[in-house]
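Inspection log for the structure reproduced underneath, given as structure tokens.
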Amino acid sequence: MSAETSTETDAGAGPLPAGAPDELDRPFWEACRRHELLVHRCEVCGRAYWPATCCVEHGGDAMAWVPAAGTGTLHTWTVYHHAYTAQHADRVPYIVAVVRLDEGPFVHTGLVDCPPEACRVGLPVEVVFEDRADGTTLPYFRPAG
Amino acid sequence: MTGFRPGQYCIAGLGVTEQGRHLGLPPRELRRRALEAALADAGLTRADVDGYIGTSSEMFEDLRHLGLAPRFGYTMQTGGATPAWSIINAMGAIAMGQAEVVACGYASAPTGGFLRRADGSAGGYGDFAYGYGGEYGLIGAAGAHALHARRHMERYGTTSRHLGAVAVAARSHAVDRPGTVGYGQPITIEDHQASRLIVDPLRLLDCCRDTDGGVVVLVTTTERARDLPCRPVTVLGAGSGHQLRNWWSGEVWDLHDDVAPAKATAFGQAGVTVDDIDVAQIYDPFTISVIMQLEAYGFCGPGEGGPFVESGATRVGGTIPTNTGGGQHSGFYCTGFTAICEAVWQLRGEGGATQVEGAEVALVTGHGGHGGIQNTSTHATLILGVDR
């Protein structure tokens with residue numbers, strides 16, 4: 001199933017996060033609502049990506065949204081002590097993390113259930129979904145196990 | 001290889017307005033004043049300017065307000081690499097016979113509420129971002145750079161005090177340079193350590209401050225400039241690389257920028273090595289940026305940037321005087337023009353209290369496009385020199 005096909009199939013099914021520039025990542029966000037994590041994978045070489053993209057080796061013809069294990073490792077992180085927007089003010093201090101999924105791609109996310117002093121490069125993490133009042137669901141990560 | 005010859009083109013005029021907070025002037029007025037200063041500096045008139053490259057989005061009104069009648073005008077946007085790229089574009093336009101003198105102009109007045117998007121709406125922290133980091137509160141350039149800083153600390157043992165050494169060095173240069181934000185206001189490593197955490201590990205004194213101000217540089221051939229009452233600063237080489245290369249390779253947080261191809265092209269054109277660089281003007285919105293670029297350019301080894309700066313090597317009198325005007329951190333924030341201005345001043349011997357004696361070859365770097373999934377976008381290198 002091509003990215004184009006899945007976009008048409010799922011278009012309009014539910015709200016997208018405010019940061020969504022268009023419909024191209026909709027299959028990912030619809031899956032999140034079902035508490036499933038997807039990656040965008042090239043079916044020629046198996047390389048996985050996020051967000052929606054085309055394969056740097058094989059172009060966009062063979063890209064498909066496929067389930068991810070929902071596990072990965074902490075690659076780097078920062079702890080926000082300053083609230084730049086009202087939306088995030090009540091979370092301060094909060095951790096913004098880069099997780100490397102076991103399938104390969106980097107994911108910008110939030111790290112929860114983890115004190116900053118427990119953070120380390122390579123920490124095994126797993127996905128946890130947060131259903132938000134606006135009808136979107138956001139994947140966060142927490143220490144695995 | 002291109003037909004470019006090192007030193008063939010030059011910056012014939014540099015116009016810099018007052019730089020600081022709450023100047024109360026809109027950007028186009030700052031650009032007008034910068035243009036007039038640049039024309040006076042070069043000994044040129046408005047009629048000589050036959051090309052205009054804007055590095056801000058709102059320039060179409062500029063040409064009328066600036067009183068220009070060029071043959072072309074356009075804007076560019078590749079973040080903090082835009083000023084270097086505007087000079088590269090100017091040289092290309094001259095090489096193609098489209099102009100003899102190109103003005104590259106910039107001004108911003110963020111502290112005056114003049115931050116605007118191209119469509120006129122108020123600008124925001126996520127303007128140069130893509131991806132979904134903002135959903136998780138990854139807002140602003142500081143957070144994106146903190147991800148690099150944290151990983152550098154984890155990999156190499158870099159400490160907050162190493163970051164602070166960059167801030168103290170920058171301030172030590174600005175403190176004797178009138179017109180900078182750090183003028184007359186020295187800081188110590190203890191001040192840095194006591195400043196509040198913004199985005200751990202970056203503290204307040206790891207971050208530059210937005211300032212208002214404008215800059216125009218006039219680019220022409222060195223041959224033409226020699227007939228003018230100006231002191232041309234020549235372009236010996238230019239290069240560029242894009243951080244997406246490191247995003248695809250998985251090294252995007254191990255490398256601050258894609259310096260390697262930028263350095264190879266620029267240094268190759270100029271025929272220089274790092275040993276030939278007399279002063280380095282490095283794009284420094286945050287302290288970690290200096291450490292990681294010093295490493296990437298080879299002034300020190302990978303992971304050695306913190307101790308290298310702490311040793312005093314980047315101070316005036318050290319092995320590679322860096323950001324001799326205080327940089328963006330303690331000088332003024334004019335995106336990539338901050339480094340270009342200071343390189344021009346150093347090569348003309350106009351560096352005041354922090355002039356590096358005998359400076360003949362300067363490295364200028366720029367990068368930008370903050371907050372996107374791979375942090376920075378284009379990295380640009382200029383090697384500038386004195387006209388011999």
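Ordering of the structure tokens sets the chain letters (A, B, ...), residue numbers begin anew at 1 in every chain, and ligands are numbered from 1 in the order given.
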**OP:** Show which residues sit within 10 Å of A:Pro124, as a PyMOL selection string. Count only C-alpha atoms, and ignore same-chain residues fewer than 6 positions away.
**Re:** chain A and resi 71-75+99-102+141-145
**OP:** as a list in words, please: all residues of stretch 7-142 of chain A that backbone DSSP puts in alpha helix (DSSP H).
**Re:**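 In stretch 7-142 of chain A, DSSP puts these residues in alpha helix (DSSP H): Thr7, Glu8, Thr9, Asp10, Arg26, Pro27, Phe28, Trp29, Glu30, Ala31, Cys32 and Arg33 of chain A.
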Original post:
Neighbours of B:His379 within 7 Å (only C-alpha atoms; same-chain residues fewer than 6 positions away dropped), as a VMD selection string?
Top reply: chain B and resid 81 240 to 242 257 to 259 262 366 to 367
For the residues in that selection, give me C-alpha atoms as an mmCIF file, in the first residue's frame.
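What landed in out.cif:
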```cif
data_model
loop_
_atom_site.group_PDB
_atom_site.id
_atom_site.type_symbol
_atom_site.label_atom_id
_atom_site.label_comp_id
_atom_site.auth_asym_id
_atom_site.auth_seq_id
_atom_site.Cartn_x
_atom_site.Cartn_y
_atom_site.Cartn_z
ATOM 1 C CA ALA B 81 23.833 30.617 6.692
ATOM 2 C CA SER B 240 28.534 24.720 2.244
ATOM 3 C CA GLY B 241 27.075 21.542 3.656
ATOM 4 C CA HIS B 242 23.659 20.465 4.850
ATOM 5 C CA ASP B 257 26.593 20.992 11.485
ATOM 6 C CA ASP B 258 27.641 19.439 8.217
ATOM 7 C CA VAL B 259 31.008 21.176 8.346
ATOM 8 C CA ALA B 262 31.725 23.193 3.640
ATOM 9 C CA GLY B 366 27.093 30.363 9.635
ATOM 10 C CA HIS B 367 24.324 27.876 10.159
#
```
Which residues of chain A have any atom within 9 Å of an atom in chain B when counting only C-alpha atoms, and what is the closest pair of atoms for each, with the distance in Å to one decimal? Order the rows by chain and rising number and write it as a tab-separated table.
```
residue	atom	partner	partner_atom	distance
A:Pro17	CA	B:Glu135	CA	7.5
A:Ala18	CA	B:Glu135	CA	7.8
A:Gly19	CA	B:Tyr132	CA	5.9
A:Ala20	CA	B:Tyr132	CA	7.3
A:Pro21	CA	B:Tyr130	CA	8.2
A:Trp50	CA	B:Gly131	CA	9.0
A:Pro51	CA	B:Gly131	CA	6.9
A:Val56	CA	B:Trp248	CA	7.9
A:His75	CA	B:Arg151	CA	7.6
A:Thr76	CA	B:Arg151	CA	5.5
A:Trp77	CA	B:Leu147	CA	5.3
A:Thr78	CA	B:Asp200	CA	5.4
A:Val79	CA	B:Asp200	CA	4.9
A:Tyr80	CA	B:Val199	CA	4.5
A:His81	CA	B:Ile198	CA	5.1
A:His82	CA	B:Ile198	CA	5.3
A:Ala83	CA	B:Gly137	CA	8.3
A:Tyr84	CA	B:Ile139	CA	6.6
A:Thr85	CA	B:Gly137	CA	8.1
A:Gln87	CA	B:Gly137	CA	8.2
A:His88	CA	B:Gly137	CA	6.1
A:Tyr94	CA	B:Gly137	CA	8.3
A:Ile95	CA	B:Tyr136	CA	8.5
A:Val96	CA	B:Leu138	CA	6.3
A:Ala97	CA	B:Leu147	CA	7.9
A:Val98	CA	B:Leu147	CA	8.0
A:Gly104	CA	B:Gly250	CA	8.8
A:Pro105	CA	B:Gly250	CA	8.4
A:Phe106	CA	B:Gly250	CA	8.2
A:Val107	CA	B:Gly133	CA	8.7
A:His108	CA	B:Gly133	CA	5.4
A:Thr109	CA	B:Tyr136	CA	6.0
A:Gly110	CA	B:Tyr136	CA	5.6
A:Arg120	CA	B:Glu154	CA	7.7
A:Val121	CA	B:Glu154	CA	7.0
A:Leu138	CA	B:Glu135	CA	8.2
A:Tyr140	CA	B:Tyr136	CA	8.6
```
**OP:** May I ask for the distance between atom CA of A:Arg33 and atom CA of A:Glu130, given in Å to one decimal place?
**Re:** 9.1 Å
Original post:
If you count only C-alpha atoms, which residues fall within 12 Å of B:Ala34, apart from same-chain ones fewer than 6 positions away, as an MDAnalysis selection string?
Top reply: chainID B and resid 13:19 27:28 40:41 66 103:108 213:218
Kindly save the residues from that selection, with C-alpha atoms included, as a compact mmCIF listing (two decimals), in the first residue's frame.
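In the end it all went to out13.txt:
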```txt
# COMPACT_ATOMS: atom_id res chain seq x y z
CA GLY B 13 31.62 48.26 1.80
CA LEU B 14 30.28 47.36 5.20
CA GLY B 15 27.47 49.27 6.83
CA VAL B 16 26.46 48.44 10.36
CA THR B 17 23.78 50.31 12.30
CA GLU B 18 23.60 50.62 16.02
CA GLN B 19 23.02 47.14 17.45
CA PRO B 27 13.73 46.74 10.16
CA ARG B 28 13.45 48.52 6.82
CA ALA B 40 29.76 55.72 2.40
CA ASP B 41 32.20 53.05 3.50
CA LEU B 66 15.99 52.31 0.31
CA ALA B 103 24.05 44.89 -1.87
CA CYS B 104 23.31 42.13 0.65
CA GLY B 105 21.05 43.55 3.31
CA TYR B 106 19.68 42.42 6.64
CA ALA B 107 17.92 43.94 9.58
CA SER B 108 15.72 42.68 12.33
CA GLY B 213 20.11 46.06 14.12
CA GLY B 214 20.92 46.15 10.44
CA VAL B 215 23.85 45.30 8.21
CA VAL B 216 24.53 45.82 4.51
CA VAL B 217 27.59 44.53 2.70
CA LEU B 218 28.46 45.62 -0.83
```
Subject >> Given only C-alpha atoms as the counted atoms, nearest of B:Arg31, B:Arg21, B:His162, B:Arg177 to B:Ala353 >> reply: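 For B:Ala353, the nearest of the candidates is B:Arg177.
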Just list the residues in chain A DSSP gives strand (DSSP E) on the backbone, as a PDB file with N, CA and C atoms, in the first residue's frame.
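Below is the file that was written, out04.pdb:
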```pdb
ATOM      1  N   LEU A  38       3.516   3.403  14.236  1.00  0.00           N
ATOM      2  CA  LEU A  38       3.915   3.011  12.888  1.00  0.00           C
ATOM      3  C   LEU A  38       5.224   3.682  12.499  1.00  0.00           C
ATOM      4  N   VAL A  39       5.904   3.114  11.544  1.00  0.00           N
ATOM      5  CA  VAL A  39       7.017   3.788  10.868  1.00  0.00           C
ATOM      6  C   VAL A  39       6.740   3.729   9.367  1.00  0.00           C
ATOM      7  N   HIS A  40       7.402   4.611   8.643  1.00  0.00           N
ATOM      8  CA  HIS A  40       7.239   4.669   7.188  1.00  0.00           C
ATOM      9  C   HIS A  40       8.430   3.917   6.595  1.00  0.00           C
ATOM     10  N   ARG A  41       8.169   2.766   5.977  1.00  0.00           N
ATOM     11  CA  ARG A  41       9.264   1.873   5.605  1.00  0.00           C
ATOM     12  C   ARG A  41       9.357   1.682   4.093  1.00  0.00           C
ATOM     13  N   CYS A  42      10.589   1.640   3.617  1.00  0.00           N
ATOM     14  CA  CYS A  42      10.830   1.325   2.207  1.00  0.00           C
ATOM     15  C   CYS A  42      10.769  -0.193   2.049  1.00  0.00           C
ATOM     16  N   ALA A  48      13.536   2.124   7.648  1.00  0.00           N
ATOM     17  CA  ALA A  48      12.355   2.770   8.217  1.00  0.00           C
ATOM     18  C   ALA A  48      12.627   4.247   8.469  1.00  0.00           C
ATOM     19  N   TYR A  49      11.582   5.059   8.351  1.00  0.00           N
ATOM     20  CA  TYR A  49      11.675   6.508   8.487  1.00  0.00           C
ATOM     21  C   TYR A  49      10.527   7.048   9.320  1.00  0.00           C
ATOM     22  N   MET A  63       7.121   3.035  -0.421  1.00  0.00           N
ATOM     23  CA  MET A  63       6.993   3.369   0.994  1.00  0.00           C
ATOM     24  C   MET A  63       5.663   2.870   1.536  1.00  0.00           C
ATOM     25  N   ALA A  64       5.705   2.301   2.726  1.00  0.00           N
ATOM     26  CA  ALA A  64       4.476   1.789   3.346  1.00  0.00           C
ATOM     27  C   ALA A  64       4.517   2.063   4.848  1.00  0.00           C
ATOM     28  N   TRP A  65       3.347   2.344   5.425  1.00  0.00           N
ATOM     29  CA  TRP A  65       3.226   2.481   6.878  1.00  0.00           C
ATOM     30  C   TRP A  65       3.107   1.092   7.482  1.00  0.00           C
ATOM     31  N   VAL A  66       4.026   0.741   8.376  1.00  0.00           N
ATOM     32  CA  VAL A  66       4.025  -0.601   8.968  1.00  0.00           C
ATOM     33  C   VAL A  66       4.170  -0.484  10.486  1.00  0.00           C
ATOM     34  N   PRO A  67       3.701  -1.453  11.236  1.00  0.00           N
ATOM     35  CA  PRO A  67       3.801  -1.392  12.706  1.00  0.00           C
ATOM     36  C   PRO A  67       5.252  -1.409  13.177  1.00  0.00           C
ATOM     37  N   THR A  71       9.588   0.130  20.796  1.00  0.00           N
ATOM     38  CA  THR A  71      10.732   0.159  21.714  1.00  0.00           C
ATOM     39  C   THR A  71      11.924   0.815  21.035  1.00  0.00           C
ATOM     40  N   GLY A  72      12.825   1.335  21.859  1.00  0.00           N
ATOM     41  CA  GLY A  72      14.013   1.991  21.321  1.00  0.00           C
ATOM     42  C   GLY A  72      14.947   2.368  22.450  1.00  0.00           C
ATOM     43  N   THR A  73      15.882   3.250  22.151  1.00  0.00           N
ATOM     44  CA  THR A  73      16.830   3.707  23.166  1.00  0.00           C
ATOM     45  C   THR A  73      16.886   5.227  23.182  1.00  0.00           C
ATOM     46  N   LEU A  74      17.195   5.764  24.344  1.00  0.00           N
ATOM     47  CA  LEU A  74      17.335   7.206  24.499  1.00  0.00           C
ATOM     48  C   LEU A  74      18.639   7.652  23.837  1.00  0.00           C
ATOM     49  N   HIS A  75      18.531   8.593  22.886  1.00  0.00           N
ATOM     50  CA  HIS A  75      19.705   9.043  22.123  1.00  0.00           C
ATOM     51  C   HIS A  75      20.277  10.342  22.699  1.00  0.00           C
ATOM     52  N   THR A  76      19.399  11.277  23.021  1.00  0.00           N
ATOM     53  CA  THR A  76      19.786  12.503  23.737  1.00  0.00           C
ATOM     54  C   THR A  76      18.511  13.139  24.283  1.00  0.00           C
ATOM     55  N   TRP A  77      18.669  14.150  25.145  1.00  0.00           N
ATOM     56  CA  TRP A  77      17.503  14.746  25.785  1.00  0.00           C
ATOM     57  C   TRP A  77      17.857  16.119  26.334  1.00  0.00           C
ATOM     58  N   THR A  78      16.828  16.865  26.669  1.00  0.00           N
ATOM     59  CA  THR A  78      17.005  18.133  27.376  1.00  0.00           C
ATOM     60  C   THR A  78      15.842  18.305  28.343  1.00  0.00           C
ATOM     61  N   VAL A  79      16.115  18.975  29.446  1.00  0.00           N
ATOM     62  CA  VAL A  79      15.071  19.236  30.438  1.00  0.00           C
ATOM     63  C   VAL A  79      14.694  20.713  30.343  1.00  0.00           C
ATOM     64  N   TYR A  80      13.450  20.965  30.002  1.00  0.00           N
ATOM     65  CA  TYR A  80      12.972  22.349  29.894  1.00  0.00           C
ATOM     66  C   TYR A  80      12.642  22.897  31.278  1.00  0.00           C
ATOM     67  N   TYR A  94      10.045  19.643  32.154  1.00  0.00           N
ATOM     68  CA  TYR A  94       9.687  18.459  31.381  1.00  0.00           C
ATOM     69  C   TYR A  94      10.858  18.060  30.476  1.00  0.00           C
ATOM     70  N   ILE A  95      10.855  16.781  30.078  1.00  0.00           N
ATOM     71  CA  ILE A  95      11.962  16.237  29.297  1.00  0.00           C
ATOM     72  C   ILE A  95      11.540  16.080  27.842  1.00  0.00           C
ATOM     73  N   VAL A  96      12.272  16.727  26.953  1.00  0.00           N
ATOM     74  CA  VAL A  96      12.146  16.472  25.518  1.00  0.00           C
ATOM     75  C   VAL A  96      13.279  15.526  25.144  1.00  0.00           C
ATOM     76  N   ALA A  97      12.929  14.444  24.469  1.00  0.00           N
ATOM     77  CA  ALA A  97      13.912  13.405  24.184  1.00  0.00           C
ATOM     78  C   ALA A  97      13.961  13.084  22.702  1.00  0.00           C
ATOM     79  N   VAL A  98      15.102  12.597  22.281  1.00  0.00           N
ATOM     80  CA  VAL A  98      15.223  11.953  20.977  1.00  0.00           C
ATOM     81  C   VAL A  98      15.416  10.468  21.252  1.00  0.00           C
ATOM     82  N   VAL A  99      14.488   9.689  20.746  1.00  0.00           N
ATOM     83  CA  VAL A  99      14.553   8.235  20.888  1.00  0.00           C
ATOM     84  C   VAL A  99      14.912   7.631  19.539  1.00  0.00           C
ATOM     85  N   ARG A 100      15.831   6.692  19.563  1.00  0.00           N
ATOM     86  CA  ARG A 100      16.113   5.945  18.339  1.00  0.00           C
ATOM     87  C   ARG A 100      15.316   4.648  18.402  1.00  0.00           C
ATOM     88  N   LEU A 101      14.315   4.540  17.532  1.00  0.00           N
ATOM     89  CA  LEU A 101      13.498   3.335  17.511  1.00  0.00           C
ATOM     90  C   LEU A 101      14.342   2.128  17.112  1.00  0.00           C
ATOM     91  N   PHE A 106      14.965   8.187  14.139  1.00  0.00           N
ATOM     92  CA  PHE A 106      14.888   9.045  15.320  1.00  0.00           C
ATOM     93  C   PHE A 106      13.463   9.551  15.475  1.00  0.00           C
ATOM     94  N   VAL A 107      13.042   9.697  16.722  1.00  0.00           N
ATOM     95  CA  VAL A 107      11.735  10.268  17.025  1.00  0.00           C
ATOM     96  C   VAL A 107      11.913  11.341  18.086  1.00  0.00           C
ATOM     97  N   HIS A 108      11.466  12.556  17.789  1.00  0.00           N
ATOM     98  CA  HIS A 108      11.384  13.591  18.822  1.00  0.00           C
ATOM     99  C   HIS A 108      10.160  13.300  19.658  1.00  0.00           C
ATOM    100  N   THR A 109      10.316  13.250  20.962  1.00  0.00           N
ATOM    101  CA  THR A 109       9.208  12.847  21.807  1.00  0.00           C
ATOM    102  C   THR A 109       9.386  13.437  23.199  1.00  0.00           C
ATOM    103  N   GLY A 110       8.525  13.041  24.089  1.00  0.00           N
ATOM    104  CA  GLY A 110       8.677  13.397  25.491  1.00  0.00           C
ATOM    105  C   GLY A 110       8.990  12.144  26.283  1.00  0.00           C
ATOM    106  N   LEU A 111       9.777  12.311  27.331  1.00  0.00           N
ATOM    107  CA  LEU A 111      10.111  11.169  28.197  1.00  0.00           C
ATOM    108  C   LEU A 111       9.338  11.346  29.497  1.00  0.00           C
ATOM    109  N   PRO A 124      17.015   1.922  27.588  1.00  0.00           N
ATOM    110  CA  PRO A 124      15.907   1.292  26.849  1.00  0.00           C
ATOM    111  C   PRO A 124      14.579   1.957  27.215  1.00  0.00           C
ATOM    112  N   VAL A 125      13.795   2.269  26.212  1.00  0.00           N
ATOM    113  CA  VAL A 125      12.513   2.943  26.446  1.00  0.00           C
ATOM    114  C   VAL A 125      11.425   2.251  25.628  1.00  0.00           C
ATOM    115  N   GLU A 126      10.163   2.510  26.049  1.00  0.00           N
ATOM    116  CA  GLU A 126       9.019   1.942  25.323  1.00  0.00           C
ATOM    117  C   GLU A 126       7.946   3.014  25.187  1.00  0.00           C
ATOM    118  N   VAL A 127       7.107   2.844  24.170  1.00  0.00           N
ATOM    119  CA  VAL A 127       6.110   3.861  23.877  1.00  0.00           C
ATOM    120  C   VAL A 127       4.970   3.781  24.883  1.00  0.00           C
ATOM    121  N   VAL A 128       4.389   4.932  25.179  1.00  0.00           N
ATOM    122  CA  VAL A 128       3.171   5.017  25.973  1.00  0.00           C
ATOM    123  C   VAL A 128       2.335   6.136  25.352  1.00  0.00           C
ATOM    124  N   PHE A 129       1.070   5.902  25.170  1.00  0.00           N
ATOM    125  CA  PHE A 129       0.239   6.855  24.423  1.00  0.00           C
ATOM    126  C   PHE A 129      -0.543   7.759  25.368  1.00  0.00           C
ATOM    127  N   GLU A 130      -0.602   9.029  25.015  1.00  0.00           N
ATOM    128  CA  GLU A 130      -1.386   9.987  25.795  1.00  0.00           C
ATOM    129  C   GLU A 130      -2.539  10.493  24.939  1.00  0.00           C
ATOM    130  N   ASP A 131      -3.737  10.157  25.357  1.00  0.00           N
ATOM    131  CA  ASP A 131      -4.931  10.659  24.666  1.00  0.00           C
ATOM    132  C   ASP A 131      -5.218  12.069  25.165  1.00  0.00           C
ATOM    133  N   THR A 137      -3.926  11.765  19.800  1.00  0.00           N
ATOM    134  CA  THR A 137      -3.155  10.903  20.710  1.00  0.00           C
ATOM    135  C   THR A 137      -1.683  11.049  20.373  1.00  0.00           C
ATOM    136  N   LEU A 138      -0.882  11.294  21.411  1.00  0.00           N
ATOM    137  CA  LEU A 138       0.535  11.574  21.208  1.00  0.00           C
ATOM    138  C   LEU A 138       1.373  10.445  21.811  1.00  0.00           C
ATOM    139  N   PRO A 139       2.317   9.896  21.055  1.00  0.00           N
ATOM    140  CA  PRO A 139       3.194   8.873  21.632  1.00  0.00           C
ATOM    141  C   PRO A 139       4.306   9.496  22.473  1.00  0.00           C
ATOM    142  N   TYR A 140       4.362   9.115  23.734  1.00  0.00           N
ATOM    143  CA  TYR A 140       5.482   9.459  24.613  1.00  0.00           C
ATOM    144  C   TYR A 140       6.296   8.190  24.837  1.00  0.00           C
ATOM    145  N   PHE A 141       7.427   8.322  25.517  1.00  0.00           N
ATOM    146  CA  PHE A 141       8.221   7.141  25.854  1.00  0.00           C
ATOM    147  C   PHE A 141       8.546   7.153  27.346  1.00  0.00           C
ATOM    148  N   ARG A 142       8.771   5.954  27.891  1.00  0.00           N
ATOM    149  CA  ARG A 142       9.137   5.815  29.298  1.00  0.00           C
ATOM    150  C   ARG A 142      10.175   4.688  29.392  1.00  0.00           C
ATOM    151  N   PRO A 143      10.910   4.624  30.509  1.00  0.00           N
ATOM    152  CA  PRO A 143      11.871   3.529  30.657  1.00  0.00           C
ATOM    153  C   PRO A 143      11.175   2.192  30.478  1.00  0.00           C
TER     154      PRO A 143
END
```
Got a sec: who's within 8 Å of A:Glu103, counting only C-alpha atoms, leaving out chain neighbours fewer than 3 positions off, as a compact mmCIF listing (two decimals) with C-alpha atoms, in the first residue's frame?
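File around-v5.txt, as written:
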```
# COMPACT_ATOMS: atom_id res chain seq x y z
CA ARG A 47 14.85 1.09 5.91
CA ALA A 48 12.35 2.77 8.22
CA ALA A 68 6.82 -0.64 14.87
CA ALA A 69 7.78 -2.55 18.02
```
**OP:** Would you mind telling me which residue in B:Glu36, B:Asp176, B:Glu100, B:Glu29 lies nearest to B:Thr220 when using only C-alpha atoms?
**Re:**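 For B:Thr220, the nearest of the given residues is B:Glu100.
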